[in-house]
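J.: Structure incoming, see below.
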Amino acid sequence: MLFKMRGVQLYRDDGIVLRTQKLGEADRIITVLCRNSGRVRAVGKGVRRTKSRWGARLEPFTHVDLMLHVGRSLDVITQAEVIRPYGEQLVADYPRYTAGVAMLETAERFTPMEKEPALRQLLLLIGGLRSLGESVHDSRLVLDAFLLRSLAVAGYAPSLRECARCGASGALPAFAVAAGGVVCASCRPPGAASPSPHTVSLMLALLQGDWDGADSSDRRHQVECSGLVAAYLQWHLEHSIRSLRHVERL
């Protein structure tokens with residue numbers, strides 16, 4: 001919602017804080033994925049001062065309600081209220097924290113244009129952070145589900161039921177990142193992976209939200225799934241997700 005007050009354009013929005021950067025001696029640049037405005041970079045003035053009343057409200061993982069005024073290059077945050085501090089549930093659990101950081105970075109990569117609405121990406125992020133905090137499912141499964149669904153929202157969902165090249169069904173023994181998913185023997189390119197059929201089933205379960213199937217999967221298939229998802233994600237983003245390195249060390 002955009003309105004004017006004393007000649008200043010103000011707007012209100014809510015979203016998830018993706019990251020922060022130092023600016024000058026006391027300010028920060030806050031990157032937020034907002035409900036209506038998409039990805040916004042705005043200045044939080046004075047938030048690094050120890051006496052700041054609302055600096056702690058603008059930390060990564062926090063779902064915030066913001067009031068901002070439109071600036072020349074960067075907007076300025078004038079008010080911030082916490083809706084839900086997802087970080088409080090994650091910082092004490094390293095696997096869940098690193099998975100959450102990977103989610104934040106991925107959400108930013110999938111919203112390259114500032115102030116371009118990306119509601120579905122925001123809702124995926126909120127759902128992913130909530131699921132991480134509830135600790136019901138393995139953190140890496142939650143992350144892989146988020147990555148696969150983010151790819152689907154962006155139009156890059158992998159083909160998992162039929163050959164990504166010719167559309168054939170039946171025996172699909174390989175997964176080719178560049179081809180777009182599973183491929184038949186005739187379409188298999190050099191260097192394609194040969195995942196277990198159970199791994200492909202796990203990827204499909206995560207994409208569709210079948211948590212009973214995902215939770216009951218074997219660890220070796222989860223590991224293989226994570227490798228394929230990471231490779232497929234980074235191929236389509238044409239950029240590495242640096243935080244995934246920390247997740248993969250676990």
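Going by the structure tokens order, chains are called A, B, ..., each with residues numbered from 1, while ligands are numbered from 1 in the order shown.
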Report as JSON lines the residues of range 8-47 of chain A within 9 Å of range 109-121 of chain A, each with its shortest atom pair and distance in Å (one decimal), using only C-alpha atoms, ordered by chain and increasing residue number.

T.:
{"residue": "A:Leu33", "atom": "CA", "partner": "A:Ala118", "partner_atom": "CA", "distance": 8.0}
{"residue": "A:Cys34", "atom": "CA", "partner": "A:Leu119", "partner_atom": "CA", "distance": 7.7}
{"residue": "A:Arg35", "atom": "CA", "partner": "A:Leu119", "partner_atom": "CA", "distance": 5.5}
{"residue": "A:Asn36", "atom": "CA", "partner": "A:Pro117", "partner_atom": "CA", "distance": 5.8}
{"residue": "A:Ser37", "atom": "CA", "partner": "A:Lys115", "partner_atom": "CA", "distance": 4.9}
{"residue": "A:Gly38", "atom": "CA", "partner": "A:Pro117", "partner_atom": "CA", "distance": 4.1}
{"residue": "A:Arg39", "atom": "CA", "partner": "A:Glu114", "partner_atom": "CA", "distance": 5.0}
{"residue": "A:Val40", "atom": "CA", "partner": "A:Lys115", "partner_atom": "CA", "distance": 5.8}
{"residue": "A:Arg41", "atom": "CA", "partner": "A:Glu114", "partner_atom": "CA", "distance": 7.7}

J.: Would you kindly return, as a list in words, each protein, DNA or RNA residue with an atom no farther than 10 Å from any atom of Gly167 in chain A, considering only C-alpha atoms and excluding same-chain residues fewer than 6 positions away?

T.: Ser159, Arg161, Val182, Val183 and Cys184 of chain A

J.: Deliver the residues from the most recent selection as a file, using N, CA, C and O atoms, as a PDB file, in the first residue's frame.

T.:
ATOM      1  N   SER A 159      11.719 -33.075 -14.772  1.00  0.00           N
ATOM      2  CA  SER A 159      10.858 -34.153 -15.234  1.00  0.00           C
ATOM      3  C   SER A 159      11.235 -35.418 -14.466  1.00  0.00           C
ATOM      4  O   SER A 159      12.393 -35.841 -14.478  1.00  0.00           O
ATOM      5  N   ARG A 161       8.709 -38.241 -14.190  1.00  0.00           N
ATOM      6  CA  ARG A 161       7.825 -39.353 -14.569  1.00  0.00           C
ATOM      7  C   ARG A 161       8.029 -39.806 -16.010  1.00  0.00           C
ATOM      8  O   ARG A 161       7.650 -40.918 -16.370  1.00  0.00           O
ATOM      9  N   VAL A 182      14.889 -36.855 -15.585  1.00  0.00           N
ATOM     10  CA  VAL A 182      15.171 -38.244 -15.945  1.00  0.00           C
ATOM     11  C   VAL A 182      15.090 -38.410 -17.462  1.00  0.00           C
ATOM     12  O   VAL A 182      14.332 -37.712 -18.143  1.00  0.00           O
ATOM     13  N   VAL A 183      15.898 -39.341 -17.982  1.00  0.00           N
ATOM     14  CA  VAL A 183      15.917 -39.602 -19.426  1.00  0.00           C
ATOM     15  C   VAL A 183      15.949 -41.113 -19.666  1.00  0.00           C
ATOM     16  O   VAL A 183      16.415 -41.888 -18.824  1.00  0.00           O
ATOM     17  N   CYS A 184      15.458 -41.499 -20.830  1.00  0.00           N
ATOM     18  CA  CYS A 184      15.477 -42.908 -21.210  1.00  0.00           C
ATOM     19  C   CYS A 184      16.864 -43.280 -21.730  1.00  0.00           C
ATOM     20  O   CYS A 184      17.717 -42.414 -21.940  1.00  0.00           O
TER      21      CYS A 184
END

J.: Calculate how many Å separate CA of Gln21 in chain A from CA of Lys45 in chain A, rounding to one decimal.

T.: 12.0 Å

J.: Near range 24-32 of chain A, within 6 Å and counting only C-alpha atoms, which residues show up once chain neighbours fewer than 4 positions away are dropped, as a list in words?

T.: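 Listed by chain and then number, they are Ile16, Val17, Leu18, Arg19, Thr20, Arg39, Val40, Arg41, Ala42, Val43, Gly44, Lys45, Gly46, Val47, Arg48 and Arg49 of chain A.
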
J.: Dump N, CA and C atoms for the selected residues as an mmCIF file, in the first residue's frame?

T.:
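Final output, again-v9.cif:
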data_model
loop_
_atom_site.group_PDB
_atom_site.id
_atom_site.type_symbol
_atom_site.label_atom_id
_atom_site.label_comp_id
_atom_site.auth_asym_id
_atom_site.auth_seq_id
_atom_site.Cartn_x
_atom_site.Cartn_y
_atom_site.Cartn_z
ATOM 1 N N ILE A 16 10.049 -11.567 4.837
ATOM 2 C CA ILE A 16 11.133 -12.237 5.549
ATOM 3 C C ILE A 16 12.449 -11.518 5.277
ATOM 4 N N VAL A 17 13.185 -11.219 6.336
ATOM 5 C CA VAL A 17 14.519 -10.621 6.178
ATOM 6 C C VAL A 17 15.464 -11.693 5.647
ATOM 7 N N LEU A 18 16.069 -11.424 4.479
ATOM 8 C CA LEU A 18 16.975 -12.387 3.858
ATOM 9 C C LEU A 18 18.409 -12.195 4.309
ATOM 10 N N ARG A 19 18.851 -10.947 4.407
ATOM 11 C CA ARG A 19 20.222 -10.690 4.857
ATOM 12 C C ARG A 19 20.375 -9.226 5.205
ATOM 13 N N THR A 20 21.505 -8.915 5.863
ATOM 14 C CA THR A 20 21.806 -7.532 6.226
ATOM 15 C C THR A 20 23.261 -7.226 5.876
ATOM 16 N N ARG A 39 11.372 -8.411 -3.722
ATOM 17 C CA ARG A 39 12.620 -8.211 -2.970
ATOM 18 C C ARG A 39 12.941 -6.714 -2.882
ATOM 19 N N VAL A 40 13.120 -6.264 -1.647
ATOM 20 C CA VAL A 40 13.377 -4.850 -1.374
ATOM 21 C C VAL A 40 14.670 -4.714 -0.586
ATOM 22 N N ARG A 41 15.502 -3.757 -0.986
ATOM 23 C CA ARG A 41 16.692 -3.395 -0.205
ATOM 24 C C ARG A 41 16.440 -2.018 0.376
ATOM 25 N N ALA A 42 16.484 -1.944 1.712
ATOM 26 C CA ALA A 42 16.149 -0.690 2.385
ATOM 27 C C ALA A 42 17.129 -0.428 3.521
ATOM 28 N N VAL A 43 17.255 0.819 3.887
ATOM 29 C CA VAL A 43 18.180 1.222 4.946
ATOM 30 C C VAL A 43 17.458 1.207 6.288
ATOM 31 N N GLY A 44 18.089 0.564 7.263
ATOM 32 C CA GLY A 44 17.646 0.645 8.644
ATOM 33 C C GLY A 44 18.577 1.587 9.368
ATOM 34 N N LYS A 45 18.136 2.797 9.589
ATOM 35 C CA LYS A 45 19.012 3.822 10.159
ATOM 36 C C LYS A 45 19.212 3.610 11.658
ATOM 37 N N GLY A 46 20.484 3.618 12.070
ATOM 38 C CA GLY A 46 20.819 3.521 13.481
ATOM 39 C C GLY A 46 20.623 2.163 14.109
ATOM 40 N N VAL A 47 20.353 1.117 13.309
ATOM 41 C CA VAL A 47 20.002 -0.172 13.907
ATOM 42 C C VAL A 47 21.202 -0.873 14.530
ATOM 43 N N ARG A 48 22.419 -0.433 14.213
ATOM 44 C CA ARG A 48 23.595 -1.074 14.805
ATOM 45 C C ARG A 48 23.984 -0.439 16.130
ATOM 46 N N ARG A 49 23.331 0.620 16.510
ATOM 47 C CA ARG A 49 23.620 1.217 17.814
ATOM 48 C C ARG A 49 23.069 0.329 18.917
#

J.: Taking only C-alpha atoms into account, name the residue in A:Glu81, A:Asp65, A:Glu108, A:Asp138 that is nearest to Trp211 in chain A.

T.: A:Asp138

J.: Run DSSP on the backbone and give me the residues of range 113-158 of chain A it puts in helix (DSSP H, G or I), as a PyMOL selection string.

T.: chain A and resi 119-134+139-153

J.: Keeping N, CA, C and O atoms, export the residues of the selection given above as a CSV table (one decimal), in the first residue's frame.

T.:
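Wrote part-v6.csv, looks like this:
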chain,number,residue,atom,x,y,z
A,119,LEU,N,5.1,-13.5,-4.7
A,119,LEU,CA,4.4,-14.0,-3.6
A,119,LEU,C,4.6,-15.5,-3.3
A,119,LEU,O,4.7,-15.9,-2.2
A,120,ARG,N,4.5,-16.3,-4.4
A,120,ARG,CA,4.7,-17.7,-4.3
A,120,ARG,C,6.0,-18.1,-3.7
A,120,ARG,O,6.1,-19.0,-2.8
A,121,GLN,N,7.1,-17.4,-4.0
A,121,GLN,CA,8.4,-17.6,-3.5
A,121,GLN,C,8.4,-17.3,-2.0
A,121,GLN,O,9.0,-18.0,-1.2
A,122,LEU,N,7.8,-16.2,-1.6
A,122,LEU,CA,7.7,-15.8,-0.2
A,122,LEU,C,6.9,-16.8,0.6
A,122,LEU,O,7.4,-17.3,1.7
A,123,LEU,N,5.8,-17.3,0.1
A,123,LEU,CA,5.0,-18.3,0.8
A,123,LEU,C,5.8,-19.6,1.0
A,123,LEU,O,5.7,-20.3,2.0
A,124,LEU,N,6.5,-20.0,-0.1
A,124,LEU,CA,7.4,-21.2,0.1
A,124,LEU,C,8.4,-21.0,1.2
A,124,LEU,O,8.7,-21.9,1.9
A,125,LEU,N,9.0,-19.8,1.2
A,125,LEU,CA,10.0,-19.6,2.2
A,125,LEU,C,9.4,-19.6,3.6
A,125,LEU,O,10.0,-20.2,4.5
A,126,ILE,N,8.3,-19.0,3.8
A,126,ILE,CA,7.7,-19.0,5.1
A,126,ILE,C,7.3,-20.4,5.5
A,126,ILE,O,7.6,-20.8,6.7
A,127,GLY,N,6.8,-21.2,4.6
A,127,GLY,CA,6.5,-22.6,4.9
A,127,GLY,C,7.7,-23.4,5.2
A,127,GLY,O,7.7,-24.2,6.1
A,128,GLY,N,8.8,-23.2,4.5
A,128,GLY,CA,10.0,-23.9,4.7
A,128,GLY,C,10.6,-23.6,6.1
A,128,GLY,O,11.1,-24.5,6.8
A,129,LEU,N,10.6,-22.3,6.4
A,129,LEU,CA,11.2,-21.9,7.7
A,129,LEU,C,10.3,-22.4,8.9
A,129,LEU,O,10.8,-22.9,9.9
A,130,ARG,N,9.0,-22.4,8.7
A,130,ARG,CA,8.1,-22.9,9.7
A,130,ARG,C,8.4,-24.4,9.9
A,130,ARG,O,8.4,-24.9,11.1
A,131,SER,N,8.5,-25.2,8.8
A,131,SER,CA,8.8,-26.6,8.9
A,131,SER,C,10.1,-26.9,9.6
A,131,SER,O,10.2,-27.8,10.4
A,132,LEU,N,11.1,-26.1,9.3
A,132,LEU,CA,12.4,-26.3,9.9
A,132,LEU,C,12.3,-26.1,11.4
A,132,LEU,O,12.8,-26.9,12.2
A,133,GLY,N,11.6,-25.1,11.8
A,133,GLY,CA,11.4,-24.7,13.2
A,133,GLY,C,10.6,-25.8,14.0
A,133,GLY,O,10.9,-26.0,15.2
A,134,GLU,N,9.7,-26.4,13.3
A,134,GLU,CA,8.9,-27.4,14.0
A,134,GLU,C,9.6,-28.7,14.2
A,134,GLU,O,9.2,-29.6,15.1
A,139,SER,N,16.0,-32.0,8.5
A,139,SER,CA,16.3,-30.6,7.9
A,139,SER,C,16.7,-30.7,6.5
A,139,SER,O,16.3,-29.8,5.7
A,140,ARG,N,17.5,-31.7,6.1
A,140,ARG,CA,17.9,-31.7,4.7
A,140,ARG,C,16.7,-32.1,3.7
A,140,ARG,O,16.6,-31.6,2.6
A,141,LEU,N,15.8,-32.9,4.2
A,141,LEU,CA,14.6,-33.2,3.4
A,141,LEU,C,13.7,-31.9,3.3
A,141,LEU,O,13.2,-31.6,2.2
A,142,VAL,N,13.6,-31.1,4.3
A,142,VAL,CA,12.9,-29.9,4.2
A,142,VAL,C,13.5,-28.9,3.2
A,142,VAL,O,12.9,-28.3,2.4
A,143,LEU,N,14.8,-28.8,3.3
A,143,LEU,CA,15.6,-28.0,2.4
A,143,LEU,C,15.4,-28.4,0.9
A,143,LEU,O,15.1,-27.6,0.0
A,144,ASP,N,15.5,-29.7,0.7
A,144,ASP,CA,15.4,-30.2,-0.7
A,144,ASP,C,14.0,-30.0,-1.2
A,144,ASP,O,13.8,-29.7,-2.4
A,145,ALA,N,13.0,-30.2,-0.4
A,145,ALA,CA,11.6,-29.9,-0.8
A,145,ALA,C,11.5,-28.4,-1.2
A,145,ALA,O,10.8,-28.1,-2.2
A,146,PHE,N,12.0,-27.5,-0.4
A,146,PHE,CA,12.0,-26.1,-0.7
A,146,PHE,C,12.7,-25.8,-2.0
A,146,PHE,O,12.2,-25.0,-2.8
A,147,LEU,N,13.8,-26.4,-2.2
A,147,LEU,CA,14.6,-26.1,-3.4
A,147,LEU,C,13.8,-26.6,-4.7
A,147,LEU,O,13.7,-25.9,-5.7
A,148,LEU,N,13.3,-27.8,-4.6
A,148,LEU,CA,12.5,-28.4,-5.7
A,148,LEU,C,11.3,-27.5,-6.0
A,148,LEU,O,10.9,-27.3,-7.2
A,149,ARG,N,10.6,-27.1,-5.0
A,149,ARG,CA,9.4,-26.3,-5.2
A,149,ARG,C,9.7,-24.9,-5.7
A,149,ARG,O,9.0,-24.3,-6.5
A,150,SER,N,10.8,-24.4,-5.2
A,150,SER,CA,11.3,-23.1,-5.8
A,150,SER,C,11.6,-23.2,-7.3
A,150,SER,O,11.3,-22.3,-8.0
A,151,LEU,N,12.2,-24.3,-7.6
A,151,LEU,CA,12.5,-24.5,-9.1
A,151,LEU,C,11.2,-24.6,-9.8
A,151,LEU,O,11.1,-24.1,-10.9
A,152,ALA,N,10.2,-25.3,-9.3
A,152,ALA,CA,8.9,-25.4,-9.9
A,152,ALA,C,8.2,-24.1,-10.1
A,152,ALA,O,7.7,-23.8,-11.2
A,153,VAL,N,8.3,-23.3,-9.1
A,153,VAL,CA,7.6,-21.9,-9.2
A,153,VAL,C,8.3,-21.1,-10.3
A,153,VAL,O,7.6,-20.3,-11.0

J.: Nearest residue to Met203 in chain A out of A:Ala157, A:Ala168, A:Pro190, A:Thr106, using only C-alpha atoms?

T.: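 Of the candidates, the smallest distance to Met203 in chain A is held by A:Ala157.
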
J.: Just the number, please: distance in Å from CA of Val229 in chain A to CA of Tyr86 in chain A, one decimal.

T.: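 Computed distance, CA of Val229 in chain A to CA of Tyr86 in chain A, equals 24.5 Å.
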
J.: Please report as JSON lines every residue of range 63-91 of chain A lying within 12 Å of range 10-13 of chain A, along with the nearest atom pair and their distance in Å (one decimal), using only C-alpha atoms.

T.:
{"residue": "A:His63", "atom": "CA", "partner": "A:Asp13", "partner_atom": "CA", "distance": 10.8}
{"residue": "A:Val64", "atom": "CA", "partner": "A:Asp13", "partner_atom": "CA", "distance": 8.5}
{"residue": "A:Asp65", "atom": "CA", "partner": "A:Asp13", "partner_atom": "CA", "distance": 6.0}
{"residue": "A:Leu66", "atom": "CA", "partner": "A:Asp13", "partner_atom": "CA", "distance": 5.4}
{"residue": "A:Met67", "atom": "CA", "partner": "A:Arg12", "partner_atom": "CA", "distance": 4.5}
{"residue": "A:Leu68", "atom": "CA", "partner": "A:Tyr11", "partner_atom": "CA", "distance": 5.4}
{"residue": "A:His69", "atom": "CA", "partner": "A:Leu10", "partner_atom": "CA", "distance": 4.2}
{"residue": "A:Val70", "atom": "CA", "partner": "A:Leu10", "partner_atom": "CA", "distance": 6.2}
{"residue": "A:Gly71", "atom": "CA", "partner": "A:Leu10", "partner_atom": "CA", "distance": 9.7}
{"residue": "A:Asp75", "atom": "CA", "partner": "A:Leu10", "partner_atom": "CA", "distance": 9.4}
{"residue": "A:Val76", "atom": "CA", "partner": "A:Leu10", "partner_atom": "CA", "distance": 9.4}
{"residue": "A:Ile77", "atom": "CA", "partner": "A:Leu10", "partner_atom": "CA", "distance": 9.7}
{"residue": "A:Thr78", "atom": "CA", "partner": "A:Leu10", "partner_atom": "CA", "distance": 9.2}
{"residue": "A:Gln79", "atom": "CA", "partner": "A:Arg12", "partner_atom": "CA", "distance": 9.2}
{"residue": "A:Ala80", "atom": "CA", "partner": "A:Arg12", "partner_atom": "CA", "distance": 9.9}
{"residue": "A:Glu81", "atom": "CA", "partner": "A:Asp13", "partner_atom": "CA", "distance": 10.8}
{"residue": "A:Ile83", "atom": "CA", "partner": "A:Asp13", "partner_atom": "CA", "distance": 11.7}

J.: Would you export the selected residues with N, CA, C and O atoms as a short mmCIF file (atom, residue, chain, number, x, y, z; two decimals), in the first residue's frame, please?

T.:
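This went into again12.cif:
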data_model
loop_
_atom_site.label_atom_id
_atom_site.label_comp_id
_atom_site.auth_asym_id
_atom_site.auth_seq_id
_atom_site.Cartn_x
_atom_site.Cartn_y
_atom_site.Cartn_z
N HIS A 63 10.22 -12.65 10.25
CA HIS A 63 9.05 -12.19 9.49
C HIS A 63 8.61 -10.87 10.13
O HIS A 63 8.23 -10.84 11.30
N VAL A 64 8.69 -9.80 9.36
CA VAL A 64 8.45 -8.46 9.90
C VAL A 64 7.37 -7.72 9.13
O VAL A 64 7.17 -7.94 7.93
N ASP A 65 6.71 -6.84 9.85
CA ASP A 65 5.75 -5.89 9.25
C ASP A 65 6.48 -4.55 9.21
O ASP A 65 6.92 -4.04 10.26
N LEU A 66 6.61 -3.97 8.02
CA LEU A 66 7.44 -2.79 7.84
C LEU A 66 6.64 -1.59 7.35
O LEU A 66 5.68 -1.73 6.59
N MET A 67 7.09 -0.42 7.77
CA MET A 67 6.69 0.83 7.15
C MET A 67 7.95 1.43 6.53
O MET A 67 9.00 1.50 7.19
N LEU A 68 7.88 1.82 5.28
CA LEU A 68 9.05 2.34 4.57
C LEU A 68 8.68 3.61 3.82
O LEU A 68 7.52 3.81 3.45
N HIS A 69 9.68 4.48 3.61
CA HIS A 69 9.45 5.58 2.69
C HIS A 69 10.39 5.47 1.52
O HIS A 69 11.51 4.98 1.62
N VAL A 70 9.89 5.85 0.37
CA VAL A 70 10.60 5.68 -0.89
C VAL A 70 11.78 6.64 -0.96
O VAL A 70 11.63 7.85 -0.78
N GLY A 71 12.97 6.08 -1.22
CA GLY A 71 14.16 6.90 -1.34
C GLY A 71 14.64 6.97 -2.78
O GLY A 71 14.07 6.37 -3.68
N ASP A 75 15.19 2.56 -0.31
CA ASP A 75 14.11 2.99 0.56
C ASP A 75 14.60 2.99 2.00
O ASP A 75 15.66 2.43 2.31
N VAL A 76 13.84 3.60 2.88
CA VAL A 76 14.24 3.71 4.28
C VAL A 76 13.15 3.13 5.17
O VAL A 76 11.96 3.45 5.01
N ILE A 77 13.56 2.25 6.07
CA ILE A 77 12.62 1.64 7.02
C ILE A 77 12.36 2.62 8.16
O ILE A 77 13.29 3.07 8.81
N THR A 78 11.10 2.92 8.37
CA THR A 78 10.75 3.85 9.44
C THR A 78 10.09 3.15 10.63
O THR A 78 10.01 3.72 11.72
N GLN A 79 9.62 1.94 10.42
CA GLN A 79 8.98 1.20 11.50
C GLN A 79 9.08 -0.29 11.20
O GLN A 79 8.99 -0.71 10.04
N ALA A 80 9.28 -1.10 12.23
CA ALA A 80 9.38 -2.55 12.06
C ALA A 80 8.77 -3.25 13.26
O ALA A 80 9.12 -2.94 14.40
N GLU A 81 7.86 -4.17 12.99
CA GLU A 81 7.24 -4.97 14.04
C GLU A 81 7.39 -6.44 13.68
O GLU A 81 7.17 -6.83 12.54
N ILE A 83 6.50 -10.20 13.27
CA ILE A 83 5.36 -11.09 13.16
C ILE A 83 5.73 -12.47 13.72
O ILE A 83 4.99 -13.03 14.51
#

J.: Find the residue from A:Pro60, A:Tyr97, A:Met103, A:Ser73 that sits nearest to Arg242 in chain A; use only C-alpha atoms when measuring.

T.: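 Answer, going by the shortest atom-to-atom distance: A:Met103.
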
J.: Of the candidates A:Leu206, A:Ile241, A:Ala174, A:Val82, which one gets nearest to Gly191 in chain A if we count only C-alpha atoms?

T.: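 So, comparing all the options, the nearest one is A:Ala174.
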
J.: Here is a test: counting only C-alpha atoms, which residue of A:Phe175, A:Leu233, A:Ser240, A:Phe61 is nearest to Thr98 in chain A?

T.: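 Nearest candidate to Thr98 in chain A out of A:Phe175, A:Leu233, A:Ser240, A:Phe61: A:Phe61.
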
J.: Report as a list in words all protein, DNA and RNA residues lying within 9 Å of Tyr232 in chain A, evaluated on only C-alpha atoms, omitting residues in the same chain fewer than 2 positions from it.

T.: Pro158, Ala176, Val177, Ala178, Gly180, Gly181, Gly227, Leu228, Val229, Ala230, Gln234, Trp235, His236 and Leu237 of chain A

J.: For the residues in the current selection, export all heavy atoms as a short mmCIF file (atom, residue, chain, number, x, y, z; two decimals), in the first residue's frame.

T.:
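The new file out_18.cif reads:
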data_model
loop_
_atom_site.label_atom_id
_atom_site.label_comp_id
_atom_site.auth_asym_id
_atom_site.auth_seq_id
_atom_site.Cartn_x
_atom_site.Cartn_y
_atom_site.Cartn_z
N PRO A 158 11.95 -30.37 -12.41
CA PRO A 158 12.56 -31.48 -13.15
C PRO A 158 11.51 -32.48 -13.60
O PRO A 158 10.50 -32.71 -12.91
CB PRO A 158 13.51 -32.10 -12.13
CG PRO A 158 12.90 -31.77 -10.80
CD PRO A 158 12.28 -30.41 -10.97
N ALA A 176 19.68 -36.44 -16.12
CA ALA A 176 20.58 -35.51 -16.81
C ALA A 176 20.19 -34.08 -16.45
O ALA A 176 19.10 -33.62 -16.81
CB ALA A 176 20.50 -35.71 -18.32
N VAL A 177 21.06 -33.42 -15.73
CA VAL A 177 20.76 -32.07 -15.25
C VAL A 177 20.45 -31.14 -16.41
O VAL A 177 19.45 -30.42 -16.41
CB VAL A 177 21.95 -31.54 -14.42
CG1 VAL A 177 21.78 -30.05 -14.14
CG2 VAL A 177 22.07 -32.31 -13.12
N ALA A 178 21.31 -31.13 -17.44
CA ALA A 178 21.13 -30.21 -18.55
C ALA A 178 19.89 -30.52 -19.38
O ALA A 178 19.29 -29.63 -19.99
CB ALA A 178 22.37 -30.23 -19.45
N GLY A 180 17.05 -31.70 -18.13
CA GLY A 180 15.86 -31.31 -17.39
C GLY A 180 15.23 -32.39 -16.54
O GLY A 180 14.09 -32.25 -16.11
N GLY A 181 15.96 -33.48 -16.27
CA GLY A 181 15.42 -34.51 -15.39
C GLY A 181 15.78 -35.91 -15.84
O GLY A 181 16.84 -36.12 -16.44
N GLY A 227 22.26 -34.52 -3.60
CA GLY A 227 23.27 -34.22 -4.60
C GLY A 227 22.66 -33.84 -5.93
O GLY A 227 23.10 -32.87 -6.59
N LEU A 228 21.63 -34.57 -6.36
CA LEU A 228 20.97 -34.26 -7.62
C LEU A 228 20.24 -32.91 -7.56
O LEU A 228 20.30 -32.12 -8.51
CB LEU A 228 19.98 -35.37 -7.98
CG LEU A 228 20.57 -36.73 -8.34
CD1 LEU A 228 19.44 -37.73 -8.59
CD2 LEU A 228 21.47 -36.64 -9.56
N VAL A 229 19.56 -32.66 -6.46
CA VAL A 229 18.83 -31.41 -6.31
C VAL A 229 19.78 -30.22 -6.34
O VAL A 229 19.53 -29.20 -7.01
CB VAL A 229 17.99 -31.41 -5.02
CG1 VAL A 229 17.40 -30.02 -4.76
CG2 VAL A 229 16.87 -32.44 -5.11
N ALA A 230 20.89 -30.33 -5.62
CA ALA A 230 21.86 -29.23 -5.59
C ALA A 230 22.44 -28.96 -6.98
O ALA A 230 22.57 -27.81 -7.41
CB ALA A 230 22.98 -29.54 -4.60
N GLN A 234 21.73 -25.44 -9.11
CA GLN A 234 22.82 -24.54 -9.47
C GLN A 234 23.00 -24.45 -10.99
O GLN A 234 23.46 -23.44 -11.50
CB GLN A 234 24.09 -24.97 -8.74
CG GLN A 234 23.93 -24.76 -7.24
CD GLN A 234 25.10 -25.19 -6.38
OE1 GLN A 234 25.63 -24.39 -5.62
NE2 GLN A 234 25.51 -26.43 -6.51
N TRP A 235 22.60 -25.48 -11.72
CA TRP A 235 22.61 -25.41 -13.18
C TRP A 235 21.63 -24.33 -13.67
O TRP A 235 21.96 -23.50 -14.51
CB TRP A 235 22.25 -26.76 -13.78
CG TRP A 235 21.97 -26.72 -15.26
CD1 TRP A 235 20.78 -26.51 -15.86
CD2 TRP A 235 22.93 -26.87 -16.32
NE1 TRP A 235 20.91 -26.53 -17.22
CE2 TRP A 235 22.23 -26.74 -17.54
CE3 TRP A 235 24.31 -27.10 -16.35
CZ2 TRP A 235 22.85 -26.85 -18.78
CZ3 TRP A 235 24.93 -27.22 -17.59
CH2 TRP A 235 24.21 -27.08 -18.78
N HIS A 236 20.43 -24.33 -13.10
CA HIS A 236 19.41 -23.40 -13.57
C HIS A 236 19.63 -21.98 -13.05
O HIS A 236 19.26 -21.01 -13.72
CB HIS A 236 18.02 -23.90 -13.20
CG HIS A 236 17.56 -25.02 -14.08
ND1 HIS A 236 17.14 -24.82 -15.38
CD2 HIS A 236 17.49 -26.36 -13.87
CE1 HIS A 236 16.82 -25.98 -15.92
NE2 HIS A 236 17.02 -26.93 -15.03
N LEU A 237 20.21 -21.85 -11.89
CA LEU A 237 20.53 -20.51 -11.39
C LEU A 237 21.77 -19.93 -12.05
O LEU A 237 21.99 -18.72 -12.00
CB LEU A 237 20.73 -20.55 -9.86
CG LEU A 237 19.50 -20.71 -8.99
CD1 LEU A 237 19.90 -20.77 -7.53
CD2 LEU A 237 18.52 -19.55 -9.22
#

J.: Step one, run DSSP on the backbone; step two, keep only residues of range 70-182 of chain A assigned to strand (DSSP E); then write them as an MDAnalysis selection string.

T.: chainID A and resid 75:85 174:176 181:182

J.: Could you check which of A:Ala192, A:Ala154, A:Ala99, A:Ala214 is closest to Leu172 in chain A, using only C-alpha atoms?

T.: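 Looking only at the distances to Leu172 in chain A, the closest residue turns out to be A:Ala192.
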
J.: With a distance cut-off of 10 Å and only C-alpha atoms, select the neighbouring residues of Asp218 in chain A, excluding the residue or stretch itself and same-chain residues fewer than 3 positions from it, and output the selection as a list in words.

T.: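 Contacts, in chain order: His198, Thr199, Leu202, Ala214, Asp215, His221, Gln222 and Val223 of chain A.
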
J.: Next, write the just-selected residues to a file, as a PDB file, in the first residue's frame, keeping C-alpha atoms as the atom set.

T.:
ATOM      1  CA  HIS A 198      13.943 -44.912  -4.970  1.00  0.00           C
ATOM      2  CA  THR A 199      15.886 -41.651  -5.173  1.00  0.00           C
ATOM      3  CA  LEU A 202      11.931 -39.414  -3.137  1.00  0.00           C
ATOM      4  CA  ALA A 214       9.850 -38.830   2.170  1.00  0.00           C
ATOM      5  CA  ASP A 215      10.251 -39.527   5.888  1.00  0.00           C
ATOM      6  CA  HIS A 221      18.598 -42.286  -1.138  1.00  0.00           C
ATOM      7  CA  GLN A 222      18.279 -38.998   0.762  1.00  0.00           C
ATOM      8  CA  VAL A 223      21.984 -38.306   0.234  1.00  0.00           C
TER       9      VAL A 223
END
